[in-house]
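Report on the following structure.
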Amino acid sequence: MENSFQEKLNEELKKIEQSVKKPNILLLGGTGVGKSSLTNLIFKTDIAKTGIGKPFTQEIIRYAIENSAVVLYDAVGYELSGISSNDEFINKIVEFASASKSNNVDEQIHLVWYHIQASGHRVTEWDLNLISKIKSLNIPIAVVFTKCDLVTEQEVKLLAEEIPNTPCFEVTTNEKVTPKYLDLEKLIKWSSDNLEPALKLAFVKSQKVNLEEKRKNARNIILQHTTGNAAVGFSPIPFSDAPILLASQAGMVARILYVYDLNGYGDLMPTLLKTVSIGSLISTGGKWIVGELFKLIPGVGTVAGGLITGAVAASVTAAIGYSVSEICFTILKFAINGEEVKLEDYLKNIMPIFKQLMKDNSKI
């Protein structure tokens, strides 16, 4: 049973990697506003070193980031474009964004982050013109005020008032700023909310600053599988549902691991899950066996058996899902915050922690 679960988990992880659709994000803003620094912070990678940058047009560079499920299209600052006219540069950008709308979903621009340096203390007509034209294409666009640690909150508020009906976010890459990074988590949430479901999973996986967004997506995954497994438990054929539940639980865990993107730490999960997949269902207070025996009795027995096994299937599936999610959340939190001592202690005690989580979540 353990080997079957491990094999199914690996199979599901490969399926996700092969089938996931990557969101394309267009980065706009002048030279030196901090686009690269911000994206490096969000995706925890150095685009210049790990990204494969290819000129897509004279004005656009395409970055397929290594080990990331997003694609970035970085528009060079107007000053470096080699185009002599502001209007011509704007038209080139709009033409690129508009043309993508006619392509298949893999090639479309799905989000635009428009960067304005807050310490510059101005929003230009050029900015407003380009933002307006992008909005007319019905592409979600957010204004990102960068380097907000260098100005007052009131100064940023005044800048935002110049851009009506457009979501604006204050950010900084200064790690000493409190509250940490200002609106960075809100920018991630807005981006996730404005992506189609088929693209959301890859974006949430790739970003490394909003762990609550990862947890929220994990909860949705758990709910889907828990509901489905409750129905599977009502199968009238004795013991026919175990292979289906095995596949569903493996698929759920694979999706959760994908969302959290633990890198090397993800290898811990198979060890933790050795005794909490279908094996747990079979031994949970004897309820699973009792339910299956009820199914052997025609009539009322089938209904009673279904009520028992459906509840157990849902309960254990939920317990596995929430326990795996919490383990992933904690590991990633310590890793991202650089809390190496806490992470080391947590990993040393991860087995009893996981067993306790399973008990607690089973009660829920």
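Just so we're on the same page: first chain in the structure tokens is A, next is B, and so on; residues restart at 1 for each chain, and ligands are numbered from 1 in the order they show up.
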Contact residues around Ile256 (chain A) with only C-alpha atoms at 8 Å, ignoring same-chain residues under 2 positions, as an MDAnalysis selection string: chainID A and resid 218 221 252:254 258:260 321 324:325
Check the smallest atom-to-atom distance from each of A:Ala314, A:Val156, A:Ala250, A:Ala97 to Lys8 (chain A) using only C-alpha atoms, then report the winner. A:Ala250
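As for CA of Leu41 (chain A) and CA of Asn10 (chain A), they are spaced 29.7 Å apart.
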Shortest interatomic distance to Glu17 (chain A) - which of A:Glu175, A:Ala247, A:Ala75, A:Leu257, counting only C-alpha atoms: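 Nearest to Glu17 (chain A): A:Leu257.
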What is the CA of Phe169 (chain A)-CA of Val144 (chain A) distance in Å, reported with one decimal?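 About the pair CA of Phe169 (chain A) and CA of Val144 (chain A): they are 5.0 Å apart.
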Excluding same-chain residues fewer than 2 positions from region 19-25 of chain A, what lies within 8 Å of it counting only C-alpha atoms, as a PyMOL selection string? chain A and resi 15-17+27+69-73+106-113+195+198-203
Please identify the strand (DSSP E or B) residues within region 126-268 of chain A (assignment by DSSP from backbone atoms) and present them as a PDB file with N, CA and C atoms, in the first residue's frame.
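Output file states_28.pdb follows:
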ATOM      1  N   ILE A 141      -4.480  45.269 -14.694  1.00  0.00           N
ATOM      2  CA  ILE A 141      -3.260  46.047 -14.487  1.00  0.00           C
ATOM      3  C   ILE A 141      -3.274  46.650 -13.091  1.00  0.00           C
ATOM      4  N   ALA A 142      -2.135  46.576 -12.424  1.00  0.00           N
ATOM      5  CA  ALA A 142      -1.972  47.183 -11.103  1.00  0.00           C
ATOM      6  C   ALA A 142      -0.777  48.123 -11.156  1.00  0.00           C
ATOM      7  N   VAL A 143      -0.906  49.238 -10.455  1.00  0.00           N
ATOM      8  CA  VAL A 143       0.213  50.169 -10.335  1.00  0.00           C
ATOM      9  C   VAL A 143       0.995  49.820  -9.078  1.00  0.00           C
ATOM     10  N   VAL A 144       2.300  49.678  -9.234  1.00  0.00           N
ATOM     11  CA  VAL A 144       3.167  49.303  -8.115  1.00  0.00           C
ATOM     12  C   VAL A 144       4.103  50.469  -7.831  1.00  0.00           C
ATOM     13  N   PHE A 145       3.870  51.152  -6.716  1.00  0.00           N
ATOM     14  CA  PHE A 145       4.758  52.245  -6.319  1.00  0.00           C
ATOM     15  C   PHE A 145       5.961  51.645  -5.599  1.00  0.00           C
ATOM     16  N   THR A 146       7.137  51.792  -6.184  1.00  0.00           N
ATOM     17  CA  THR A 146       8.347  51.191  -5.628  1.00  0.00           C
ATOM     18  C   THR A 146       9.111  52.176  -4.742  1.00  0.00           C
ATOM     19  N   CYS A 168      -3.635  50.225  -6.626  1.00  0.00           N
ATOM     20  CA  CYS A 168      -2.267  50.690  -6.407  1.00  0.00           C
ATOM     21  C   CYS A 168      -1.699  50.015  -5.153  1.00  0.00           C
ATOM     22  N   PHE A 169      -0.422  49.681  -5.217  1.00  0.00           N
ATOM     23  CA  PHE A 169       0.224  48.991  -4.110  1.00  0.00           C
ATOM     24  C   PHE A 169       1.563  49.646  -3.792  1.00  0.00           C
ATOM     25  N   GLU A 170       1.819  49.820  -2.494  1.00  0.00           N
ATOM     26  CA  GLU A 170       3.091  50.378  -2.040  1.00  0.00           C
ATOM     27  C   GLU A 170       4.047  49.234  -1.719  1.00  0.00           C
TER      28      GLU A 170
END
I want to know what sits within 12 Å of Gln154 (chain A), based on only C-alpha atoms, with residues of the same chain fewer than 5 positions away left out; could you give that as a list in words? Ala118, His121, Cys148, Leu159, Ala160, Glu161 and Glu170 of chain A
Residue list (alpha helix (DSSP H), DSSP) for region 25-210 of chain A, as a PyMOL selection string: chain A and resi 35-43+47-50+86-101+125-136+153-161+184-193+197-206
So that I can check the surroundings of Lys133 (chain A), please list as a list in words every protein, DNA and RNA residue that reaches within 9 Å of it, counting only C-alpha atoms and ignoring chain neighbours fewer than 5 positions away.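 Listing them by chain and then by number gives Ile90, Val94 and Leu128 of chain A.
One distance worth recording is that between CA of Lys333 (chain A) and CA of Gln18 (chain A), which is 27.2 Å.
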Under the rule that only C-alpha atoms are counted, which of A:Ile163, A:Gly29, A:Lys214, A:Glu196 is the nearest residue to Val105 (chain A)? A:Glu196
